[in-house]
Structure formats: C-alpha cells, structure tokens
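Next comes query_14.tsv, a file with TSV, C-alpha atoms.
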```tsv
chain	number	residue	atom	x	y	z
A	1	MET	CA	92.15	102.56	110.88
A	2	PHE	CA	91.29	103.48	114.47
A	3	ILE	CA	88.01	102.87	116.25
A	4	ALA	CA	86.81	105.22	118.98
A	5	THR	CA	85.72	103.55	122.23
A	6	CYS	CA	83.75	106.63	123.34
A	7	PRO	CA	82.35	109.80	121.72
A	8	LEU	CA	85.20	112.07	120.57
A	9	ILE	CA	84.41	115.77	120.84
A	10	LEU	CA	86.59	118.42	119.28
A	11	ALA	CA	86.20	121.72	121.16
A	12	SER	CA	86.99	123.61	117.96
A	13	ALA	CA	85.28	125.03	114.89
A	14	SER	CA	88.23	124.05	112.65
A	15	PRO	CA	87.18	121.82	109.75
A	16	ARG	CA	90.89	121.08	109.23
A	17	ARG	CA	91.26	119.47	112.67
A	18	GLN	CA	88.15	117.38	112.01
A	19	GLN	CA	89.65	116.29	108.65
A	20	LEU	CA	92.88	115.18	110.35
A	21	PHE	CA	90.80	112.79	112.51
A	22	ALA	CA	88.61	111.74	109.58
A	23	ALA	CA	91.77	110.64	107.67
A	24	LEU	CA	92.32	108.12	110.51
A	25	GLY	CA	88.76	106.83	110.28
A	26	LEU	CA	87.75	108.70	113.44
A	27	HIS	CA	84.59	110.76	113.56
A	28	CYS	CA	84.78	113.79	115.86
A	29	THR	CA	81.86	116.02	116.71
A	30	CYS	CA	82.93	119.68	116.50
A	31	ILE	CA	81.57	121.88	119.29
A	32	PRO	CA	83.19	125.33	119.28
A	33	ALA	CA	83.76	126.91	122.69
A	34	THR	CA	83.04	130.59	123.29
A	35	ILE	CA	85.90	131.76	125.47
A	36	ASP	CA	87.81	135.02	125.84
A	37	GLU	CA	90.86	134.65	123.59
A	38	THR	CA	92.92	137.55	124.94
A	39	PRO	CA	96.54	136.83	125.95
A	40	LEU	CA	97.46	137.78	129.53
A	41	VAL	CA	100.13	140.43	130.08
A	42	GLY	CA	103.54	138.73	129.83
A	43	GLU	CA	102.05	135.38	128.81
A	44	THR	CA	104.25	133.40	126.40
A	45	PRO	CA	102.66	132.17	123.15
A	46	ALA	CA	103.00	128.53	124.35
A	47	ALA	CA	101.38	129.26	127.74
A	48	PHE	CA	98.60	131.15	125.97
A	49	ALA	CA	97.94	128.28	123.51
A	50	VAL	CA	97.79	125.71	126.32
A	51	ARG	CA	95.51	127.91	128.45
A	52	MET	CA	93.16	128.39	125.46
A	53	ALA	CA	93.13	124.63	124.73
A	54	GLU	CA	92.32	123.82	128.36
A	55	ALA	CA	89.61	126.47	128.57
A	56	LYS	CA	87.97	125.25	125.34
A	57	ALA	CA	88.03	121.61	126.51
A	58	ALA	CA	86.75	122.51	129.99
A	59	GLU	CA	83.85	124.60	128.66
A	60	VAL	CA	82.69	121.97	126.19
A	61	ALA	CA	83.19	119.08	128.65
A	62	THR	CA	80.54	120.53	130.99
A	63	THR	CA	77.91	119.99	128.27
A	64	GLN	CA	78.95	116.39	127.47
A	65	ASP	CA	78.41	112.92	128.81
A	66	ALA	CA	81.03	111.94	131.42
A	67	ALA	CA	82.28	109.15	129.14
A	68	ALA	CA	83.08	111.45	126.22
A	69	CYS	CA	86.65	112.50	125.47
A	70	VAL	CA	86.89	116.21	124.76
A	71	ILE	CA	89.91	117.50	122.83
A	72	GLY	CA	90.73	121.19	123.05
A	73	ALA	CA	93.33	122.77	120.78
A	74	ASP	CA	94.61	126.21	119.95
A	75	THR	CA	97.21	127.06	117.32
A	76	VAL	CA	99.21	130.28	117.29
A	77	VAL	CA	101.72	131.57	114.74
A	78	THR	CA	104.47	133.63	116.28
A	79	ILE	CA	107.45	135.61	114.98
A	80	ASP	CA	109.76	137.97	116.88
A	81	GLY	CA	107.62	137.60	120.03
A	82	ARG	CA	104.45	138.67	118.20
A	83	ILE	CA	101.38	136.47	117.70
A	84	LEU	CA	99.81	136.56	114.22
A	85	GLY	CA	96.12	135.66	114.23
A	86	LYS	CA	93.80	135.33	111.26
A	87	PRO	CA	94.21	138.35	108.98
A	88	ALA	CA	91.25	140.75	109.02
A	89	ASN	CA	91.42	141.36	105.27
A	90	HIS	CA	93.49	141.03	102.10
A	91	ARG	CA	95.75	143.92	103.09
A	92	GLU	CA	96.60	142.41	106.49
A	93	ALA	CA	97.15	139.01	104.85
A	94	LEU	CA	99.77	140.57	102.57
A	95	ARG	CA	101.40	142.30	105.55
A	96	PHE	CA	101.64	138.99	107.45
A	97	LEU	CA	103.14	137.26	104.39
A	98	GLU	CA	105.74	140.04	104.06
A	99	LEU	CA	106.61	139.60	107.74
A	100	LEU	CA	107.15	135.83	107.31
A	101	ASN	CA	108.84	136.01	103.86
A	102	GLY	CA	112.36	134.51	103.82
A	103	LYS	CA	112.34	134.00	107.61
A	104	THR	CA	111.68	131.30	110.20
A	105	HIS	CA	108.66	131.48	112.51
A	106	SER	CA	107.07	129.16	115.06
A	107	VAL	CA	103.70	127.45	115.00
A	108	ILE	CA	102.59	126.35	118.47
A	109	THR	CA	99.56	124.18	119.16
A	110	GLY	CA	98.36	123.83	122.73
A	111	TYR	CA	96.17	120.79	123.34
A	112	ALA	CA	94.23	119.29	126.21
A	113	LEU	CA	92.29	116.06	126.73
A	114	GLN	CA	89.44	116.05	129.18
A	115	ALA	CA	86.78	113.54	130.20
A	116	ARG	CA	84.39	114.69	132.93
A	117	GLY	CA	84.80	111.39	134.73
A	118	HIS	CA	88.57	111.90	134.90
A	119	GLY	CA	89.09	115.68	134.77
A	120	VAL	CA	92.01	117.03	132.74
A	121	LEU	CA	93.98	114.01	131.53
A	122	LEU	CA	96.65	115.84	129.61
A	123	HIS	CA	97.72	119.30	128.57
A	124	ASP	CA	100.78	120.00	126.51
A	125	HIS	CA	101.96	121.88	123.46
A	126	ALA	CA	103.95	121.17	120.30
A	127	THR	CA	106.18	123.65	118.50
A	128	THR	CA	107.10	123.48	114.82
A	129	ARG	CA	109.66	125.84	113.32
A	130	VAL	CA	108.69	126.84	109.78
A	131	ARG	CA	111.15	128.43	107.33
A	132	PHE	CA	109.65	130.36	104.41
A	133	GLY	CA	111.44	130.71	101.09
A	134	HIS	CA	111.93	134.24	99.76
A	135	PHE	CA	109.45	135.41	97.13
A	136	ASN	CA	108.92	138.76	95.45
A	137	GLN	CA	106.03	141.11	96.08
A	138	ASP	CA	104.05	139.97	93.00
A	139	THR	CA	104.10	136.35	94.16
A	140	LEU	CA	103.06	137.21	97.72
A	141	ALA	CA	100.29	139.43	96.35
A	142	ALA	CA	99.05	136.64	94.06
A	143	TYR	CA	98.81	134.34	97.08
A	144	ALA	CA	97.09	137.03	99.18
A	145	ASN	CA	94.63	137.43	96.28
A	146	THR	CA	93.47	133.84	96.68
A	147	LYS	CA	90.94	133.44	99.46
A	148	GLU	CA	93.11	130.85	101.21
A	149	PRO	CA	95.01	133.13	103.66
A	150	LEU	CA	91.93	134.85	105.07
A	151	ASP	CA	90.78	132.24	107.60
A	152	LYS	CA	94.26	130.94	108.51
A	153	ALA	CA	96.39	132.04	111.48
A	154	GLY	CA	99.54	133.60	109.99
A	155	ALA	CA	97.77	133.98	106.61
A	156	TYR	CA	98.87	130.72	104.98
A	157	ALA	CA	97.80	127.06	104.68
A	158	ILE	CA	100.71	124.60	104.49
A	159	GLN	CA	98.27	121.92	103.25
A	160	GLY	CA	97.01	124.12	100.41
A	161	ALA	CA	98.56	126.47	97.84
A	162	GLY	CA	100.59	127.95	100.71
A	163	ALA	CA	102.84	124.86	100.52
A	164	PHE	CA	104.95	126.71	97.96
A	165	LEU	CA	105.98	129.24	100.64
A	166	VAL	CA	107.47	126.65	103.01
A	167	ALA	CA	111.10	125.71	102.33
A	168	SER	CA	111.40	123.45	105.38
A	169	ILE	CA	110.02	122.73	108.81
A	170	ASP	CA	111.44	121.28	112.01
A	171	GLY	CA	108.74	119.51	114.01
A	172	SER	CA	105.32	118.01	113.34
A	173	CYS	CA	103.72	118.76	109.92
A	174	THR	CA	100.15	118.31	111.14
A	175	ASN	CA	100.88	120.68	114.02
A	176	VAL	CA	101.14	123.46	111.40
A	177	ILE	CA	97.68	122.46	110.12
A	178	GLY	CA	96.29	122.61	113.66
A	179	LEU	CA	96.98	119.43	115.64
A	180	PRO	CA	100.11	117.34	116.35
A	181	VAL	CA	98.42	114.13	115.21
A	182	GLN	CA	101.11	111.65	116.27
A	183	ALA	CA	101.19	112.99	119.86
A	184	ILE	CA	97.38	113.11	120.10
A	185	VAL	CA	96.95	109.57	118.73
A	186	HIS	CA	99.59	108.32	121.15
A	187	SER	CA	97.68	109.85	124.07
A	188	LEU	CA	94.27	108.64	122.86
A	189	LEU	CA	95.68	105.08	122.54
A	190	ALA	CA	97.33	105.27	125.99
A	191	HIS	CA	94.01	106.34	127.58
A	192	ARG	CA	92.12	103.72	125.51
A	193	PHE	CA	89.82	106.33	123.95
A	194	ILE	CA	90.72	104.75	120.60
A	195	ARG	CA	92.04	101.36	119.54
A	196	PRO	CA	93.54	100.07	116.30
A	197	GLY	CA	90.88	98.55	114.09
A	198	SER	CA	90.02	98.12	110.48
A	199	ALA	CA	87.13	100.49	109.86
A	200	PRO	CA	87.42	101.62	106.22
A	201	LEU	CA	89.47	104.74	105.48
A	202	PRO	CA	88.23	107.67	103.42
A	203	ASP	CA	90.01	107.82	100.04
A	204	THR	CA	92.33	110.75	100.79
A	205	ALA	CA	95.83	109.64	99.79
B	1	MET	CA	97.79	131.35	91.87
B	2	PHE	CA	100.48	130.71	89.27
B	3	ILE	CA	100.08	130.72	85.50
B	4	ALA	CA	102.26	128.52	83.29
B	5	THR	CA	103.93	130.28	80.36
B	6	CYS	CA	104.54	126.98	78.53
B	7	PRO	CA	103.26	123.40	78.71
B	8	LEU	CA	104.36	121.74	81.98
B	9	ILE	CA	105.08	118.03	81.66
B	10	LEU	CA	105.58	115.81	84.69
B	11	ALA	CA	107.72	112.79	83.75
B	12	SER	CA	105.97	110.74	86.41
B	13	ALA	CA	102.92	108.58	86.93
B	14	SER	CA	102.37	109.92	90.46
B	15	PRO	CA	98.92	111.45	90.96
B	16	ARG	CA	100.26	112.99	94.18
B	17	ARG	CA	102.88	115.07	92.33
B	18	GLN	CA	100.20	116.23	89.90
B	19	GLN	CA	97.98	117.21	92.86
B	20	LEU	CA	100.79	119.30	94.41
B	21	PHE	CA	100.88	121.37	91.19
B	22	ALA	CA	97.09	121.47	90.91
B	23	ALA	CA	96.91	123.05	94.40
B	24	LEU	CA	98.91	125.96	92.94
B	25	GLY	CA	96.54	126.33	89.99
B	26	LEU	CA	99.05	124.68	87.63
B	27	HIS	CA	97.98	121.96	85.24
B	28	CYS	CA	100.70	119.37	84.49
B	29	THR	CA	100.42	116.64	81.93
B	30	CYS	CA	101.70	113.35	83.40
B	31	ILE	CA	103.80	111.26	81.00
B	32	PRO	CA	105.47	108.35	82.79
B	33	ALA	CA	108.96	107.40	81.55
B	34	THR	CA	109.95	103.77	81.11
B	35	ILE	CA	113.52	103.64	82.37
B	36	ASP	CA	115.62	101.00	84.15
B	37	GLU	CA	115.27	101.81	87.86
B	38	THR	CA	118.16	99.69	89.16
B	39	PRO	CA	120.69	101.39	91.45
B	40	LEU	CA	124.34	101.16	90.33
B	41	VAL	CA	126.84	99.35	92.54
B	42	GLY	CA	127.99	101.75	95.26
B	43	GLU	CA	125.56	104.51	94.17
B	44	THR	CA	124.26	106.62	97.06
B	45	PRO	CA	120.47	107.00	97.42
B	46	ALA	CA	120.76	110.72	96.55
B	47	ALA	CA	122.86	110.07	93.43
B	48	PHE	CA	120.40	107.36	92.40
B	49	ALA	CA	117.36	109.63	92.86
B	50	VAL	CA	118.96	112.44	90.82
B	51	ARG	CA	120.04	110.05	88.05
B	52	MET	CA	116.48	108.63	87.87
B	53	ALA	CA	114.95	112.13	87.76
B	54	GLU	CA	117.31	113.19	84.95
B	55	ALA	CA	116.70	110.01	82.98
B	56	LYS	CA	112.91	110.38	83.28
B	57	ALA	CA	113.01	114.03	82.20
B	58	ALA	CA	115.41	113.31	79.32
B	59	GLU	CA	113.32	110.44	77.97
B	60	VAL	CA	110.04	112.35	78.08
B	61	ALA	CA	111.62	115.58	76.70
B	62	THR	CA	112.49	113.84	73.41
B	63	THR	CA	108.76	113.38	72.73
B	64	GLN	CA	107.79	116.98	73.57
B	65	ASP	CA	107.76	120.37	71.92
B	66	ALA	CA	111.03	122.28	72.49
B	67	ALA	CA	109.14	124.98	74.41
B	68	ALA	CA	107.71	122.56	77.00
B	69	CYS	CA	109.23	122.32	80.49
B	70	VAL	CA	109.68	118.72	81.57
B	71	ILE	CA	110.00	117.97	85.27
B	72	GLY	CA	111.50	114.64	86.31
B	73	ALA	CA	111.38	113.45	89.92
B	74	ASP	CA	112.21	110.34	91.88
B	75	THR	CA	111.61	109.82	95.59
B	76	VAL	CA	113.43	107.22	97.67
B	77	VAL	CA	112.96	106.26	101.31
B	78	THR	CA	116.16	105.15	102.96
B	79	ILE	CA	117.12	103.80	106.39
B	80	ASP	CA	120.46	102.34	107.51
B	81	GLY	CA	121.84	102.58	103.96
B	82	ARG	CA	118.95	100.54	102.55
B	83	ILE	CA	116.40	101.84	100.01
B	84	LEU	CA	112.74	100.93	100.71
B	85	GLY	CA	110.63	100.89	97.55
B	86	LYS	CA	106.89	100.27	97.28
B	87	PRO	CA	105.98	97.18	99.28
B	88	ALA	CA	105.05	94.16	97.16
B	89	ASN	CA	102.22	93.13	99.48
B	90	HIS	CA	100.63	93.52	102.90
B	91	ARG	CA	103.33	91.43	104.58
B	92	GLU	CA	106.17	93.51	103.17
B	93	ALA	CA	104.29	96.72	104.09
B	94	LEU	CA	104.19	95.56	107.72
B	95	ARG	CA	107.88	94.67	107.59
B	96	PHE	CA	108.76	98.16	106.30
B	97	LEU	CA	106.63	99.79	109.02
B	98	GLU	CA	108.38	97.70	111.69
B	99	LEU	CA	111.75	98.83	110.29
B	100	LEU	CA	110.75	102.51	110.47
B	101	ASN	CA	108.86	102.30	113.81
B	102	GLY	CA	110.31	104.59	116.51
B	103	LYS	CA	113.28	105.56	114.31
B	104	THR	CA	114.39	108.34	111.96
B	105	HIS	CA	114.75	107.74	108.22
B	106	SER	CA	115.44	109.92	105.19
B	107	VAL	CA	113.22	110.73	102.24
B	108	ILE	CA	115.20	111.97	99.25
B	109	THR	CA	113.66	113.41	96.10
B	110	GLY	CA	115.85	113.91	93.06
B	111	TYR	CA	114.46	116.38	90.54
B	112	ALA	CA	115.44	117.72	87.14
B	113	LEU	CA	114.07	120.42	84.85
B	114	GLN	CA	114.59	120.08	81.14
B	115	ALA	CA	113.40	121.96	78.06
B	116	ARG	CA	114.67	120.64	74.73
B	117	GLY	CA	115.56	124.14	73.59
B	118	HIS	CA	117.79	124.59	76.66
B	119	GLY	CA	118.90	121.06	77.66
B	120	VAL	CA	119.07	120.20	81.37
B	121	LEU	CA	118.40	123.42	83.27
B	122	LEU	CA	118.65	122.06	86.77
B	123	HIS	CA	119.21	118.86	88.67
B	124	ASP	CA	119.29	118.66	92.42
B	125	HIS	CA	117.86	116.74	95.35
B	126	ALA	CA	116.15	117.52	98.65
B	127	THR	CA	116.45	115.43	101.80
B	128	THR	CA	113.87	115.35	104.60
B	129	ARG	CA	114.56	113.51	107.84
B	130	VAL	CA	111.39	111.85	109.18
B	131	ARG	CA	111.05	110.61	112.76
B	132	PHE	CA	108.36	108.01	113.44
B	133	GLY	CA	106.68	107.67	116.82
B	134	HIS	CA	106.70	104.23	118.40
B	135	PHE	CA	103.55	102.15	118.01
B	136	ASN	CA	102.70	98.58	118.95
B	137	GLN	CA	102.28	95.69	116.53
B	138	ASP	CA	98.45	95.91	116.50
B	139	THR	CA	98.56	99.56	115.43
B	140	LEU	CA	101.12	98.96	112.68
B	141	ALA	CA	99.09	95.96	111.47
B	142	ALA	CA	95.89	98.05	111.37
B	143	TYR	CA	97.68	100.59	109.19
B	144	ALA	CA	99.14	97.87	106.95
B	145	ASN	CA	95.59	96.53	106.62
B	146	THR	CA	94.45	99.75	104.99
B	147	LYS	CA	95.28	99.89	101.30
B	148	GLU	CA	97.21	103.11	101.76
B	149	PRO	CA	100.77	101.69	102.25
B	150	LEU	CA	100.75	99.47	99.16
B	151	ASP	CA	101.57	102.02	96.45
B	152	LYS	CA	103.82	104.24	98.61
B	153	ALA	CA	107.63	104.10	98.84
B	154	GLY	CA	108.43	103.16	102.45
B	155	ALA	CA	104.84	101.94	102.96
B	156	TYR	CA	103.28	105.13	104.34
B	157	ALA	CA	101.60	108.34	103.17
B	158	ILE	CA	102.36	111.39	105.31
B	159	GLN	CA	99.42	113.21	103.68
B	160	GLY	CA	96.97	110.40	104.54
B	161	ALA	CA	96.26	108.20	107.54
B	162	GLY	CA	100.03	107.65	107.78
B	163	ALA	CA	100.29	111.14	109.32
B	164	PHE	CA	99.75	109.53	112.75
B	165	LEU	CA	103.09	107.71	112.39
B	166	VAL	CA	105.18	110.86	111.95
B	167	ALA	CA	106.30	112.55	115.18
B	168	SER	CA	108.41	115.19	113.42
B	169	ILE	CA	110.31	116.00	110.27
B	170	ASP	CA	113.31	118.14	109.44
B	171	GLY	CA	113.10	119.45	105.88
B	172	SER	CA	110.40	119.98	103.27
B	173	CYS	CA	106.96	118.42	103.98
B	174	THR	CA	105.98	118.15	100.32
B	175	ASN	CA	109.30	116.42	99.61
B	176	VAL	CA	107.97	113.49	101.66
B	177	ILE	CA	104.86	113.43	99.42
B	178	GLY	CA	107.07	113.41	96.32
B	179	LEU	CA	108.27	116.89	95.35
B	180	PRO	CA	109.99	119.75	97.24
B	181	VAL	CA	107.39	122.27	96.08
B	182	GLN	CA	109.07	125.44	97.36
B	183	ALA	CA	112.36	124.64	95.58
B	184	ILE	CA	110.60	123.65	92.35
B	185	VAL	CA	108.39	126.76	92.31
B	186	HIS	CA	111.45	128.93	92.95
B	187	SER	CA	113.21	127.37	89.93
B	188	LEU	CA	110.14	127.55	87.68
B	189	LEU	CA	109.75	131.25	88.55
B	190	ALA	CA	113.49	131.93	87.97
B	191	HIS	CA	113.30	130.31	84.52
B	192	ARG	CA	109.99	132.10	83.77
B	193	PHE	CA	108.15	128.83	83.11
B	194	ILE	CA	105.49	130.13	85.53
B	195	ARG	CA	104.49	133.57	86.76
B	196	PRO	CA	102.31	134.75	89.64
B	197	GLY	CA	98.75	135.30	88.50
B	198	SER	CA	95.24	135.03	89.76
B	199	ALA	CA	93.81	131.96	88.05
B	200	PRO	CA	91.26	130.47	90.49
B	201	LEU	CA	92.51	127.89	93.02
B	202	PRO	CA	90.88	124.51	93.55
B	203	ASP	CA	89.09	124.34	96.90
B	204	THR	CA	91.64	122.19	98.75
B	205	ALA	CA	92.38	123.93	102.03
```
Now, as a test, write the supplied structure out as structure tokens.
Amino acid sequence: MFIATCPLILASASPRRQQLFAALGLHCTCIPATIDETPLVGETPAAFAVRMAEAKAAEVATTQDAAACVIGADTVVTIDGRILGKPANHREALRFLELLNGKTHSVITGYALQARGHGVLLHDHATTRVRFGHFNQDTLAAYANTKEPLDKAGAYAIQGAGAFLVASIDGSCTNVIGLPVQAIVHSLLAHRFIRPGSAPLPDTA
Amino acid sequence: MFIATCPLILASASPRRQQLFAALGLHCTCIPATIDETPLVGETPAAFAVRMAEAKAAEVATTQDAAACVIGADTVVTIDGRILGKPANHREALRFLELLNGKTHSVITGYALQARGHGVLLHDHATTRVRFGHFNQDTLAAYANTKEPLDKAGAYAIQGAGAFLVASIDGSCTNVIGLPVQAIVHSLLAHRFIRPGSAPLPDTA
C-alpha cells in the first residue's frame, strides 16, 4: 500500500525486518553491514543501539547510489542493566528465558535513515516494555527445545510461538520484532522516500 | 511446543485465532456459533464481549463430547463509548480509520472456557489500549483500498499492513489480533487441557 520513490536498502541481515516492509508492499534490499558490535564502557543500551544503527547505515550507504535510502537498525533486549544477545545454544536460551520469566524487560531498537546525497537524515530509538507471564520450568524448557529462540535477541520471538510468554507490552509491537514500523513509515513519508499508493499487498493477514 | 490432552474447539470462525494456536503447535477445530450479536441497552463493551464469548462457547459445547475444551471469544474495538464492528464496505472502512487516526482506542476480547463435564470453567476479558499515529487522508485511503480492513473489527489488522498505523499499545498484542494468548495458555495449562511438549512447530518466525 506504499510505493517507494527510490531504492530502499536495509542495512541488516534480519529477514523479519524485511518482512515488516514487505507487509506494506515495500521491497527492501538487505545488505548486512560488518561492524564491531561491542558496547563502549558505560554506554547505555539505547545509546549503543543508536550507534550500531548509524554505523550500519553509514557503512552500507558508502556502497550505494546517492539517491538510495539506507535504513540501519539494531535491536537490544535489556533487563537489570544487562544486554541479552542471541543465545549461543539451547542451554543459554533456557537461562535467558528464566531471567525474563515473570518479569518486565525492555526492547530497544535504534534506527537511522541515511541517503548519501543528504547524509544522516534521522537517528532515534524506540523502547518497548515487555512483561512476561510466569511459567514453570517444563514450559520454558519446551520453548527452549523449539529452534525458535536460537536466532532471537533475548531468546524469544513475540511474532511466533513466543507470543504465549508475553502478558503485555507498553510501546510499539513491531519494535519488539525489530523495527518500530509506525515511526519509520512516518519518517519515510515525511522525507518522500515512500508515498501512499495501491500496489497489491501480499496475503499476510 | 504444547500438546493438547483433549480436543480443543474454537467457537469462532476466525482463521486468525486458529493461527495463534497453530503457532504453539496446537490444532483447534473451528466451529462457529450462530448467536444473536446485539448489545443490550446500557451494556458496556467488556460485558458485551464476555457475554458473546460465553454464549458462543455454550452453544458449541452442547454439540461436543464432554471431554472437549471449548473456547469462546469475542473481540470488540471501541472508541468514545462506541463499538466499531467490521466495516460494511470501503467507505465505512475509511470512516473508521478517520475516527481512529491519531487517537487511542480500546480493543477488548471476552473469552470463556467450557467443558460439558465441568460447565463454564472461566470467563474473563482483556483490554488493550491502542494508539494510532496520525496519517493524512491519502495514506488512510490507500490502506482502505487494500482488502485488509474489510473483514476486521475496527477496519485494521495489527498483524498485517495495518501495523504501520499503530504507534504503541498498552496490553496484550495478540489480544488485538483476537485472543490474549498468554492468559489463555495459562488457563489451559492450569486446567491441564494442554501440557508442554515437543511436538514440532510450524515455521512461522
């Protein structure tokens, strides 16, 4: 239902971010950046996510046509001041799920828009608070046993089976998947990188 | 990742509710109820949604084996004391979207669990507050032009292209799709209608 007015490049390897755009009728080319993803000493999770998003967009923008719009994004899951990345294995996935069980954590996505002709147009972040229900060890283990947690920051997918874990959220839903879609669409419309139009939608809903 | 210990019956025609269970590895048989869906004079949206859910579950339970668990659900979208149903046509879809644009509304799902051997085991409701971003007429019209709003209460699908409309929510995400999954799973586990187990998951996330 949107039409891009220039090539849209997603500086990300995440198929989930690409799917969020595809649901709007927008095709994004995914070009993963290869940057150092180490937090600085004393850096807050939000500052880290924004710095990563900017660095990804900046790196990929150098390889693109000046007219292209490059979108960088980085999502972090954080609880008690600690950042949870993608679990290394089944055991770490279960440990992450135990940490989050029955508690509230934050999901923060940093994002940046860049077009070489215009430099950095926007960098910001969105925070969603996510409250997990409380489940027993057997249930958490059954979820860890599925493959779903392994490639997800924080070891769960709110858009998949992991939905059963989430009692409530406060903030953007799509931000938990990897991109605050409403905010991004608003910015892309404001910069005229996209416009409303009636290209057919994929049959997703 | 869950295994049903008895037949699960969804007293609903909604493919989206069935999909929410399927993502958890649970097969539900959908049997729509044919009840009068007229609100009573002075009935609140929450009371109406719970009464509809109970009536759907009760009607379908009479046709089922006593061991089956019947789940009734009814989702209403409400703003300024008014209930928005499914739009009758493109024009009404656009009118609903204009009503919701830039404002916060409530999505309320009433739900009821019933097994003939045990009567009504549970009836409750979940409320999610949903805040829309503000979009211009052309953008709302482009969304109304997609077929997506036509069969959705309130004229949008948060799990589809309609995600771009939603700036933030406060409450359960899946409740906006049609069922507060965390609460339902918690109840189904408590009543031992399901148990954690490692049946393979569909590839959804």
Find the residues around region 185-194 of chain B up to 6 Å (all atoms listed in the file counted), leave out those fewer than 6 positions away in its own chain, and share them as a CSV table (one decimal) with C-alpha atoms, in the coordinates of the input.
```
chain,number,residue,atom,x,y,z
B,3,ILE,CA,100.1,130.7,85.5
B,4,ALA,CA,102.3,128.5,83.3
B,5,THR,CA,103.9,130.3,80.4
```
*Straight-line distance linking CA of Thr109 (chain A) with CA of His125 (chain A), stated in Å to one decimal*: 5.4 Å
Rows by chain and residue number, chain B within 8 Å of chain A, shortest pair, all atoms listed in the file, as a Markdown table:
```
| residue | atom | partner | partner_atom | distance |
| --- | --- | --- | --- | --- |
| B:Met1 | CA | A:Ala142 | CA | 5.9 |
| B:Phe2 | CA | A:Ala142 | CA | 7.8 |
| B:Arg16 | CA | A:Ala205 | CA | 7.9 |
| B:Ala23 | CA | A:Ala161 | CA | 5.1 |
| B:Leu24 | CA | A:Ala161 | CA | 4.9 |
| B:Gly133 | CA | A:Gln182 | CA | 6.9 |
| B:Phe135 | CA | A:His186 | CA | 8.0 |
| B:Asp138 | CA | A:Pro196 | CA | 6.4 |
| B:Thr139 | CA | A:Pro196 | CA | 5.1 |
| B:Ala142 | CA | A:Gly197 | CA | 5.7 |
| B:Tyr143 | CA | A:Met1 | CA | 6.1 |
| B:Asn145 | CA | A:Ser198 | CA | 7.0 |
| B:Thr146 | CA | A:Met1 | CA | 6.9 |
| B:Glu148 | CA | A:Ala205 | CA | 7.0 |
| B:Ala157 | CA | A:Ala205 | CA | 6.8 |
| B:Gln159 | CA | A:Ala205 | CA | 6.4 |
| B:Gly160 | CA | A:Ala205 | CA | 4.9 |
| B:Ala161 | CA | A:Leu24 | CA | 4.9 |
| B:Ala163 | CA | A:Val181 | CA | 6.9 |
| B:Phe164 | CA | A:Gln182 | CA | 4.3 |
| B:Leu165 | CA | A:Gln182 | CA | 5.9 |
| B:Val166 | CA | A:Gln182 | CA | 6.0 |
| B:Ala167 | CA | A:Gln182 | CA | 5.4 |
| B:Ser168 | CA | A:Ser172 | CA | 4.2 |
| B:Ile169 | CA | A:Gly171 | CA | 5.4 |
| B:Asp170 | CA | A:Asp170 | CA | 4.5 |
| B:Gly171 | CA | A:Ser168 | CA | 4.4 |
| B:Ser172 | CA | A:Ser168 | CA | 4.2 |
| B:Cys173 | CA | A:Cys173 | CA | 6.8 |
| B:Thr174 | CA | A:Ala163 | CA | 7.4 |
| B:Pro180 | CA | A:Ala167 | CA | 7.9 |
| B:Val181 | CA | A:Phe164 | CA | 5.4 |
| B:Gln182 | CA | A:Phe164 | CA | 4.4 |
| B:Ala183 | CA | A:Ala167 | CA | 6.9 |
| B:Val185 | CA | A:Phe164 | CA | 6.6 |
| B:His186 | CA | A:Phe135 | CA | 8.0 |
| B:Arg195 | CA | A:Thr139 | CA | 7.9 |
| B:Pro196 | CA | A:Thr139 | CA | 5.1 |
| B:Gly197 | CA | A:Ala142 | CA | 5.7 |
| B:Ser198 | CA | A:Ala142 | CA | 6.0 |
| B:Pro200 | CA | A:Thr146 | CA | 7.4 |
| B:Leu201 | CA | A:Thr146 | CA | 7.1 |
| B:Thr204 | CA | A:Gly160 | CA | 5.9 |
| B:Ala205 | CA | A:Gly160 | CA | 4.9 |
```
Next, write the just-selected residues to a file, as a CSV table (one decimal), in the coordinates of the input, keeping C-alpha atoms as the atom set.
```
chain,number,residue,atom,x,y,z
B,1,MET,CA,97.8,131.4,91.9
B,2,PHE,CA,100.5,130.7,89.3
B,16,ARG,CA,100.3,113.0,94.2
B,23,ALA,CA,96.9,123.0,94.4
B,24,LEU,CA,98.9,126.0,92.9
B,133,GLY,CA,106.7,107.7,116.8
B,135,PHE,CA,103.6,102.2,118.0
B,138,ASP,CA,98.4,95.9,116.5
B,139,THR,CA,98.6,99.6,115.4
B,142,ALA,CA,95.9,98.0,111.4
B,143,TYR,CA,97.7,100.6,109.2
B,145,ASN,CA,95.6,96.5,106.6
B,146,THR,CA,94.4,99.8,105.0
B,148,GLU,CA,97.2,103.1,101.8
B,157,ALA,CA,101.6,108.3,103.2
B,159,GLN,CA,99.4,113.2,103.7
B,160,GLY,CA,97.0,110.4,104.5
B,161,ALA,CA,96.3,108.2,107.5
B,163,ALA,CA,100.3,111.1,109.3
B,164,PHE,CA,99.8,109.5,112.8
B,165,LEU,CA,103.1,107.7,112.4
B,166,VAL,CA,105.2,110.9,112.0
B,167,ALA,CA,106.3,112.6,115.2
B,168,SER,CA,108.4,115.2,113.4
B,169,ILE,CA,110.3,116.0,110.3
B,170,ASP,CA,113.3,118.1,109.4
B,171,GLY,CA,113.1,119.4,105.9
B,172,SER,CA,110.4,120.0,103.3
B,173,CYS,CA,107.0,118.4,104.0
B,174,THR,CA,106.0,118.2,100.3
B,180,PRO,CA,110.0,119.8,97.2
B,181,VAL,CA,107.4,122.3,96.1
B,182,GLN,CA,109.1,125.4,97.4
B,183,ALA,CA,112.4,124.6,95.6
B,185,VAL,CA,108.4,126.8,92.3
B,186,HIS,CA,111.4,128.9,93.0
B,195,ARG,CA,104.5,133.6,86.8
B,196,PRO,CA,102.3,134.8,89.6
B,197,GLY,CA,98.8,135.3,88.5
B,198,SER,CA,95.2,135.0,89.8
B,200,PRO,CA,91.3,130.5,90.5
B,201,LEU,CA,92.5,127.9,93.0
B,204,THR,CA,91.6,122.2,98.8
B,205,ALA,CA,92.4,123.9,102.0
```
*What is the CA of Gly154 (chain B)-CA of His105 (chain B) distance in Å, reported with one decimal?*
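According to the coordinates, CA of Gly154 (chain B) and CA of His105 (chain B) are separated by 9.7 Å.
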*Considering all atoms listed in the file, state which residue in the set B:Leu26, B:Ala93, B:Leu113, B:Val176 is at the smallest distance from Ile71 (chain B).*
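The closest residue to Ile71 (chain B) is B:Leu113.
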*In Å, rounded to a single decimal, give me how far CA of Thr62 (chain B) is from CA of Asp151 (chain B).*
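According to the coordinates, CA of Asp151 (chain B) and CA of Thr62 (chain B) are separated by 28.1 Å.
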*Surrounding residues of Arg51 (chain A) excluding itself and chain neighbours under 2 positions, 10 Å, all atoms listed in the file, as a count of residues only*: 21
